[in-house]
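S.K.: What follows is a single structure, and I will ask about it in a moment.
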Amino acid sequence: INNGMKYLSIDDIETATIVNKAKGILNDWIVLTMTQTNRITQQQAFPEFFNQMTHQGIFRSDDTIAKFLRTTIQLCVNNVYDVVRQSSSSITQQQPQYIRCHQGIDSLCRFLYLLTTHTSDNNNYATRIHLINCILGLIAALCFLDHEEQGDHFHPLAYQRILLNLFQESTNGVTLNTSSSTSNVENPLPNDPVMYYIYLAFTNCLHLLRPQRVTGFAFAWLEIVAHRTFMSRFLLSGGRFTRHIQNMYSLLLVDALRLVAPFIRSGENTPSFQAYYKGILKTFMLLLHDFPEFLCEHYYEFCDSLPLISHQLRNIILSSFPKHIRCPDPFKVNIKIDMLNDISTTPTISYNYSMNIQPAKFKSNLDSYLRTRSPVTFLSELRSYLQQGSDPGSHYNIRMLNALVLYVATQALSTINNKQPLMSSITHTAHMDIFQNLAVDLDTEGRYLFLNAMANHLRYPNTHTHYFSYTILYLFAEANSEALQEQIVRVLLERLVANRPHPWGLLVTFLELVRNPNLKLWSREFMSISPDVKRLLATLTHGFPQFPTSPISAQQPAIVKP
């Protein structure tokens with residue numbers, strides 16, 4: 001795919017000859033597809049075009065094939081710009097007639113798909129994969145170059161429709177494996193390796209065209225990734241490569257999220273960014289509704305790519321839970337999370353977060369301290385390690401801090417025999433020493449990042465939620481200053497004031513913090529600073545007689561209803 005750029009600068013007599021051949025073949029094919037709409041008829045007619053290409057020397061070398069493919073794609077792109085220019089120069093025409101572009105693009109995609117399948121068979125699919133990579137490499141290179149040259153006049157229609165239609169054509173067999181025999185003749189069931197490399201090729205192409213790299217293609221790119229066909233075929237593909245293909249889709253979602261952080265960090269809130277962010281929210285809401293298990297397994301890398309201020313989007317991601325789990329009502333007074341059946345389940349995380357703990361010497365010292373509490377200087381050096389390679393806009397390496405928090409917790413859980421953390425089993429350990437050191441030694445910014453890293457694992461009932469819920473409450477109870485306690489309340493509260501949904505573990509932890517008289521939340525000095533915060537907290541405890549001194553009067557309206 002990365003070789004696509006080298007075919008864009010060639011301009012010689014041979015290329016001019018291939019252009020003329022490509023125009024003739026493509027025009028004849030478009031006429032045929034417009035007159036013969038039956039897909040079986042089109043497939044039966046394609047060998048004649050294939051033989052014509054062979055006689056004209058199109059398949060003589062990779063260079064001639066690439067020049068031919070480049071010409072066919074460029075013709076469709078030029079057609080889009082011609083329609084846009086005609087529309088802008090016309091007085092009576094208000095909207096461009098894109099239907100003309102759609103016909104040509106759809107015919108081209110059908111042609112390219114049949115070309116890839118006609119050059120190989122089920123026993124030798126290397127040629128097909130090579131040709132698909134060549135096509136997608138040319139599309140990525142042409143799109144990137146067109147974006148650089150056209151600037152604000154760049155139009156993504158052709159590239160978006162070619163990529164989406166070609167993906168649908170190439171993966172049709174995935175959804176037609178139980179269809180009628182007529183469809184199966186045209187689209188025989190593909191074997192796993194073929195589909196794996198097809199998904200990989202489209203992932204690599206879209207990764208090259210990611211929003212951070214080709215900003216003018218961002219909306220079209222997001223429409224492709226969030227398309228119902230694209231999403232469902234990536235996430236519902238069967239076979240032994242299912243998890244690998246889902247990891248590819250998670251990479252594309254991370255690419256989508258990485259455009260968010262720079263805009264939020266710079267304070268830009270343009271209408272275009274608002275529209276893009278709304279599209280991100282809708283995409284993840286769709287995933288939460290239709291593919292919650294996927295979000296459960298990949299939540300870590302998504303949260304790792306989000307800025308801290310994106311509370312609503314983070315809540316959507318963390319609110320996912322497997323369909324077979326039923327989360328009990330967190331507002332019940334006598335809920336005992338220790339007794340839940342699912343609380344002892346260890347969640348699956350597809351991302352290898354431990355590789356973010358660098359350098360190797362620090363990782364070795366960390367493992368050594370967790371086992372033997374040596375070297376003794378580890379805790380004093382911990383803060384300096386977390387400040388190496390800091391992220392933009394921060395004094396800390398946030399990805400490393402997030403990985404450290406989860407790694408220490410998983411190591412702590414591995415030492416508990418029944419895999420279910422109790423308060424007595426998590427205190428006075430090397431793991432808790434690290435957490436307490438971070439809570440005390442870090443400055444305000446670092447402590448805020450550290451607490452958010454723990455709150456990211458307050459999700460559905462599982463061992464991680466159980467452990468971090470206990471840890472946060474323990475840090476609050478054992479805090480030697482109200483500054484730490486105030487930050488704990490802030491981290492939890494600012495996630496709760498965002499729009500629903502709210503993660504189950506977040507609600508359980510916050511309600512325990514508010515309702516437990518042993519934690520003495522209501523007597524803290526920072527509780528009397530803001531009346532709004534007092535009303536919000538009192539709303540959550542409304543109706544519980546064990547809190548007769550809740551600081552809210554009968555005449556004051558609650559600002560949030562549980």
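The chains in the structure tokens are called A, B, ... from first to last as shown; in each chain the residues are counted from 1, and the ligands are counted from 1 in the order shown.
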Where in segment 220-437 of chain A does DSSP assign alpha helix (DSSP H), given as a PDB file with C-alpha atoms, in the first residue's frame?
M.R.:
ATOM      1  CA  ALA A 220     -15.923  11.117   4.858  1.00  0.00           C
ATOM      2  CA  TRP A 221     -13.465   8.895   6.754  1.00  0.00           C
ATOM      3  CA  LEU A 222     -15.733   8.795   9.809  1.00  0.00           C
ATOM      4  CA  GLU A 223     -18.753   7.980   7.641  1.00  0.00           C
ATOM      5  CA  ILE A 224     -16.870   4.980   6.249  1.00  0.00           C
ATOM      6  CA  VAL A 225     -15.754   3.688   9.651  1.00  0.00           C
ATOM      7  CA  ARG A 228     -23.414  -0.068   9.277  1.00  0.00           C
ATOM      8  CA  THR A 229     -21.898  -2.475   6.747  1.00  0.00           C
ATOM      9  CA  PHE A 230     -18.315  -1.585   7.555  1.00  0.00           C
ATOM     10  CA  MET A 231     -18.841  -1.817  11.313  1.00  0.00           C
ATOM     11  CA  SER A 232     -20.886  -5.008  11.325  1.00  0.00           C
ATOM     12  CA  ARG A 233     -18.565  -6.921   8.995  1.00  0.00           C
ATOM     13  CA  PHE A 234     -15.512  -6.013  11.036  1.00  0.00           C
ATOM     14  CA  LEU A 235     -17.133  -6.886  14.353  1.00  0.00           C
ATOM     15  CA  THR A 242     -12.070 -12.718  14.593  1.00  0.00           C
ATOM     16  CA  ARG A 243     -10.091 -11.108  17.401  1.00  0.00           C
ATOM     17  CA  HIS A 244      -7.414  -9.833  15.005  1.00  0.00           C
ATOM     18  CA  ILE A 245     -10.039  -8.220  12.788  1.00  0.00           C
ATOM     19  CA  GLN A 246     -11.723  -6.574  15.780  1.00  0.00           C
ATOM     20  CA  ASN A 247      -8.328  -5.210  16.830  1.00  0.00           C
ATOM     21  CA  MET A 248      -8.057  -3.622  13.382  1.00  0.00           C
ATOM     22  CA  TYR A 249     -11.367  -1.844  13.890  1.00  0.00           C
ATOM     23  CA  SER A 250     -10.291  -0.623  17.322  1.00  0.00           C
ATOM     24  CA  LEU A 251      -7.194   0.904  15.682  1.00  0.00           C
ATOM     25  CA  LEU A 252      -9.429   2.904  13.341  1.00  0.00           C
ATOM     26  CA  LEU A 253     -11.547   4.137  16.268  1.00  0.00           C
ATOM     27  CA  VAL A 254      -8.380   5.249  18.064  1.00  0.00           C
ATOM     28  CA  ASP A 255      -7.439   7.154  14.893  1.00  0.00           C
ATOM     29  CA  ALA A 256     -10.837   8.866  15.057  1.00  0.00           C
ATOM     30  CA  LEU A 257     -10.373   9.822  18.720  1.00  0.00           C
ATOM     31  CA  VAL A 260     -10.300  15.218  19.358  1.00  0.00           C
ATOM     32  CA  ALA A 261      -7.468  15.929  21.818  1.00  0.00           C
ATOM     33  CA  PRO A 262      -5.668  18.719  19.873  1.00  0.00           C
ATOM     34  CA  PHE A 263      -8.894  20.703  19.409  1.00  0.00           C
ATOM     35  CA  ILE A 264      -9.889  20.416  23.063  1.00  0.00           C
ATOM     36  CA  ARG A 265      -6.361  21.215  24.225  1.00  0.00           C
ATOM     37  CA  SER A 266      -6.241  24.366  22.079  1.00  0.00           C
ATOM     38  CA  PRO A 271     -18.843  24.262  14.160  1.00  0.00           C
ATOM     39  CA  SER A 272     -16.925  21.694  12.109  1.00  0.00           C
ATOM     40  CA  PHE A 273     -15.310  20.228  15.223  1.00  0.00           C
ATOM     41  CA  GLN A 274     -18.672  20.139  17.010  1.00  0.00           C
ATOM     42  CA  ALA A 275     -20.139  18.186  14.087  1.00  0.00           C
ATOM     43  CA  TYR A 276     -17.193  15.775  14.100  1.00  0.00           C
ATOM     44  CA  TYR A 277     -17.411  15.242  17.855  1.00  0.00           C
ATOM     45  CA  LYS A 278     -21.156  14.646  17.632  1.00  0.00           C
ATOM     46  CA  GLY A 279     -20.441  12.005  15.002  1.00  0.00           C
ATOM     47  CA  ILE A 280     -17.956  10.351  17.380  1.00  0.00           C
ATOM     48  CA  LEU A 281     -20.563  10.318  20.163  1.00  0.00           C
ATOM     49  CA  LYS A 282     -23.171   8.731  17.904  1.00  0.00           C
ATOM     50  CA  THR A 283     -20.702   6.101  16.724  1.00  0.00           C
ATOM     51  CA  PHE A 284     -19.848   5.025  20.260  1.00  0.00           C
ATOM     52  CA  MET A 285     -23.505   5.073  21.307  1.00  0.00           C
ATOM     53  CA  LEU A 286     -24.182   2.671  18.439  1.00  0.00           C
ATOM     54  CA  LEU A 287     -21.330   0.455  19.617  1.00  0.00           C
ATOM     55  CA  LEU A 288     -22.678   0.590  23.179  1.00  0.00           C
ATOM     56  CA  HIS A 289     -26.086  -0.574  21.988  1.00  0.00           C
ATOM     57  CA  ASP A 290     -25.112  -3.195  19.391  1.00  0.00           C
ATOM     58  CA  PRO A 292     -21.096  -3.823  24.042  1.00  0.00           C
ATOM     59  CA  GLU A 293     -18.646  -6.745  24.340  1.00  0.00           C
ATOM     60  CA  PHE A 294     -16.356  -5.051  21.841  1.00  0.00           C
ATOM     61  CA  LEU A 295     -16.314  -1.870  23.931  1.00  0.00           C
ATOM     62  CA  CYS A 296     -15.717  -3.910  27.089  1.00  0.00           C
ATOM     63  CA  GLU A 297     -12.585  -5.491  25.646  1.00  0.00           C
ATOM     64  CA  HIS A 298     -11.163  -2.338  24.035  1.00  0.00           C
ATOM     65  CA  TYR A 299     -12.178   0.344  26.544  1.00  0.00           C
ATOM     66  CA  TYR A 300      -8.608   0.835  27.753  1.00  0.00           C
ATOM     67  CA  GLU A 301      -7.115   2.008  24.467  1.00  0.00           C
ATOM     68  CA  PHE A 302     -10.118   4.262  23.793  1.00  0.00           C
ATOM     69  CA  CYS A 303      -9.855   5.969  27.192  1.00  0.00           C
ATOM     70  CA  ASP A 304      -6.098   6.209  26.718  1.00  0.00           C
ATOM     71  CA  HIS A 311     -16.433  13.002  30.351  1.00  0.00           C
ATOM     72  CA  GLN A 312     -19.558  12.105  28.388  1.00  0.00           C
ATOM     73  CA  LEU A 313     -17.714  10.105  25.732  1.00  0.00           C
ATOM     74  CA  ARG A 314     -15.665   8.340  28.399  1.00  0.00           C
ATOM     75  CA  ASN A 315     -18.847   7.482  30.305  1.00  0.00           C
ATOM     76  CA  ILE A 316     -20.366   5.982  27.157  1.00  0.00           C
ATOM     77  CA  ILE A 317     -17.325   3.753  26.692  1.00  0.00           C
ATOM     78  CA  LEU A 318     -17.144   2.705  30.348  1.00  0.00           C
ATOM     79  CA  ALA A 360      12.775  -1.670  30.647  1.00  0.00           C
ATOM     80  CA  LYS A 361      14.838  -0.841  33.742  1.00  0.00           C
ATOM     81  CA  PHE A 362      11.866   0.879  35.358  1.00  0.00           C
ATOM     82  CA  LYS A 363       9.624  -2.093  34.537  1.00  0.00           C
ATOM     83  CA  SER A 364      12.174  -4.427  36.121  1.00  0.00           C
ATOM     84  CA  ASN A 365      12.395  -2.274  39.272  1.00  0.00           C
ATOM     85  CA  LEU A 366       8.597  -2.168  39.449  1.00  0.00           C
ATOM     86  CA  ASP A 367       8.290  -5.952  39.329  1.00  0.00           C
ATOM     87  CA  SER A 368      11.028  -6.276  41.906  1.00  0.00           C
ATOM     88  CA  TYR A 369       9.335  -3.832  44.294  1.00  0.00           C
ATOM     89  CA  LEU A 370       5.990  -5.601  43.967  1.00  0.00           C
ATOM     90  CA  ARG A 371       7.662  -8.889  44.933  1.00  0.00           C
ATOM     91  CA  THR A 372      10.192  -7.855  47.571  1.00  0.00           C
ATOM     92  CA  PHE A 378      11.822   2.974  43.943  1.00  0.00           C
ATOM     93  CA  LEU A 379       9.022   5.029  45.497  1.00  0.00           C
ATOM     94  CA  SER A 380      11.137   8.167  45.687  1.00  0.00           C
ATOM     95  CA  GLU A 381      12.113   7.832  41.998  1.00  0.00           C
ATOM     96  CA  LEU A 382       8.601   6.969  40.785  1.00  0.00           C
ATOM     97  CA  ARG A 383       7.494  10.542  40.108  1.00  0.00           C
ATOM     98  CA  SER A 384      10.570  11.378  38.012  1.00  0.00           C
ATOM     99  CA  TYR A 385       9.980   8.319  35.815  1.00  0.00           C
ATOM    100  CA  LEU A 386       6.360   9.345  35.204  1.00  0.00           C
ATOM    101  CA  ILE A 398      -0.241   9.989  30.860  1.00  0.00           C
ATOM    102  CA  ARG A 399      -0.124   6.743  28.881  1.00  0.00           C
ATOM    103  CA  MET A 400       2.582   5.389  31.170  1.00  0.00           C
ATOM    104  CA  LEU A 401       0.686   6.462  34.300  1.00  0.00           C
ATOM    105  CA  ASN A 402      -2.493   4.762  33.058  1.00  0.00           C
ATOM    106  CA  ALA A 403      -0.573   1.566  32.307  1.00  0.00           C
ATOM    107  CA  LEU A 404       1.185   1.647  35.674  1.00  0.00           C
ATOM    108  CA  VAL A 405      -2.082   1.934  37.607  1.00  0.00           C
ATOM    109  CA  LEU A 406      -3.717  -1.015  35.849  1.00  0.00           C
ATOM    110  CA  TYR A 407      -0.565  -3.144  35.934  1.00  0.00           C
ATOM    111  CA  VAL A 408      -0.141  -2.714  39.690  1.00  0.00           C
ATOM    112  CA  ALA A 409      -3.810  -3.556  40.236  1.00  0.00           C
ATOM    113  CA  THR A 410      -3.674  -6.731  38.140  1.00  0.00           C
ATOM    114  CA  GLN A 411      -0.556  -7.834  39.995  1.00  0.00           C
ATOM    115  CA  ALA A 412      -2.333  -7.205  43.303  1.00  0.00           C
ATOM    116  CA  LEU A 413      -5.337  -9.256  42.190  1.00  0.00           C
ATOM    117  CA  SER A 414      -3.076 -12.115  41.154  1.00  0.00           C
ATOM    118  CA  MET A 423     -10.409  -4.388  52.292  1.00  0.00           C
ATOM    119  CA  SER A 424      -8.209  -6.471  54.565  1.00  0.00           C
ATOM    120  CA  SER A 425      -6.420  -8.145  51.647  1.00  0.00           C
ATOM    121  CA  ILE A 426      -5.511  -5.021  49.655  1.00  0.00           C
ATOM    122  CA  ALA A 430       3.487  -3.213  48.165  1.00  0.00           C
ATOM    123  CA  HIS A 431       0.771  -2.483  45.621  1.00  0.00           C
ATOM    124  CA  MET A 432      -1.086  -0.168  47.990  1.00  0.00           C
ATOM    125  CA  ASP A 433       2.210   1.450  48.981  1.00  0.00           C
ATOM    126  CA  ILE A 434       2.661   2.518  45.357  1.00  0.00           C
ATOM    127  CA  PHE A 435      -0.858   3.936  45.162  1.00  0.00           C
ATOM    128  CA  GLN A 436      -0.518   5.803  48.452  1.00  0.00           C
ATOM    129  CA  ASN A 437       2.849   7.173  47.372  1.00  0.00           C
TER     130      ASN A 437
END
S.K.: Using only C-alpha atoms, find the one residue out of A:Thr427, A:Thr72, A:Gln44, A:Gln212 that sits nearest to Ile30 of chain A.
M.R.: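 Checking each of A:Thr427, A:Thr72, A:Gln44, A:Gln212 against Ile30 of chain A, counting only C-alpha atoms, the winner is A:Thr72.
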S.K.: So which residues touch Ala201 of chain A within 8 Å, counting only C-alpha atoms, skipping near sequence neighbours fewer than 4 positions away, as a PyMOL selection string?
M.R.: chain A and resi 1+132-133+136+197+205
S.K.: Create the file for the chosen residues now, containing N, CA, C and O atoms and written as a short mmCIF file (atom, residue, chain, number, x, y, z; two decimals), in the first residue's frame.
M.R.:
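Saved the output as out.cif:
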data_model
loop_
_atom_site.label_atom_id
_atom_site.label_comp_id
_atom_site.auth_asym_id
_atom_site.auth_seq_id
_atom_site.Cartn_x
_atom_site.Cartn_y
_atom_site.Cartn_z
N ILE A 1 0.83 -1.20 0.00
CA ILE A 1 0.00 0.00 0.00
C ILE A 1 0.87 1.26 0.00
O ILE A 1 0.58 2.24 -0.66
N ILE A 132 -5.42 -6.05 -4.57
CA ILE A 132 -6.20 -5.20 -3.67
C ILE A 132 -5.30 -4.18 -2.98
O ILE A 132 -5.65 -3.00 -2.85
N ASN A 133 -4.13 -4.62 -2.54
CA ASN A 133 -3.18 -3.69 -1.91
C ASN A 133 -2.75 -2.60 -2.88
O ASN A 133 -2.59 -1.43 -2.51
N LEU A 136 -5.78 -0.12 -3.29
CA LEU A 136 -5.96 0.72 -2.10
C LEU A 136 -4.78 1.66 -1.91
O LEU A 136 -4.95 2.79 -1.43
N TYR A 197 -6.60 -10.83 5.18
CA TYR A 197 -5.74 -9.89 4.45
C TYR A 197 -6.54 -8.79 3.76
O TYR A 197 -6.04 -7.68 3.57
N CYS A 205 -5.16 1.11 4.61
CA CYS A 205 -5.50 2.24 3.74
C CYS A 205 -6.16 3.36 4.54
O CYS A 205 -5.78 4.53 4.41
#
S.K.: With distances taken over only C-alpha atoms, which of A:Cys134, A:Ile40, A:Ile488, A:Ile99 is nearest to Ile65 of chain A?
M.R.: A:Cys134
S.K.: Would you please work out which residue, of A:His155, A:Gly216, A:Leu166, A:Asn480, is nearest to Phe202 of chain A when using only C-alpha atoms?
M.R.: A:Leu166
S.K.: Need to verify the contact set: Ala479 of chain A, 12 Å, only C-alpha atoms, exclusion of same-chain residues closer than 3 positions in sequence. Can you return it as a list in words?
M.R.: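 The residues satisfying every condition are Phe435, Gln436, Asn437, Leu438, Ala439, Val440, Thr471, Ile472, Leu473, Tyr474, Leu475, Phe476, Glu482, Ala483, Leu484, Gln485, Glu486, Gln487, Ile488 and Leu519 of chain A.
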S.K.: List as JSON, numbers by chain the protein and nucleic acid residues near Thr64 of chain A, meaning an atom at most 8 Å away when only C-alpha atoms are counted, but skip any in the same chain fewer than 6 places from it.
M.R.: {"A": [18, 57, 58]}
S.K.: Those same residues, written as a compact mmCIF listing (two decimals), in the first residue's frame with all heavy atoms?
M.R.:
# COMPACT_ATOMS: atom_id res chain seq x y z
N ILE A 18 -1.62 4.04 -22.14
CA ILE A 18 -2.45 3.30 -21.18
C ILE A 18 -3.68 4.11 -20.81
O ILE A 18 -4.76 3.55 -20.59
CB ILE A 18 -1.62 2.94 -19.94
CG1 ILE A 18 -0.51 1.94 -20.32
CG2 ILE A 18 -2.49 2.36 -18.84
CD1 ILE A 18 0.40 1.58 -19.18
N GLY A 57 -1.91 -5.67 -23.41
CA GLY A 57 -0.69 -5.62 -22.63
C GLY A 57 -0.81 -4.95 -21.27
O GLY A 57 0.20 -4.52 -20.69
N ILE A 58 -2.02 -4.87 -20.74
CA ILE A 58 -2.21 -4.22 -19.44
C ILE A 58 -1.53 -5.03 -18.32
O ILE A 58 -1.00 -4.46 -17.37
CB ILE A 58 -3.71 -4.05 -19.13
CG1 ILE A 58 -4.38 -3.21 -20.21
CG2 ILE A 58 -3.90 -3.39 -17.76
CD1 ILE A 58 -3.84 -1.81 -20.35
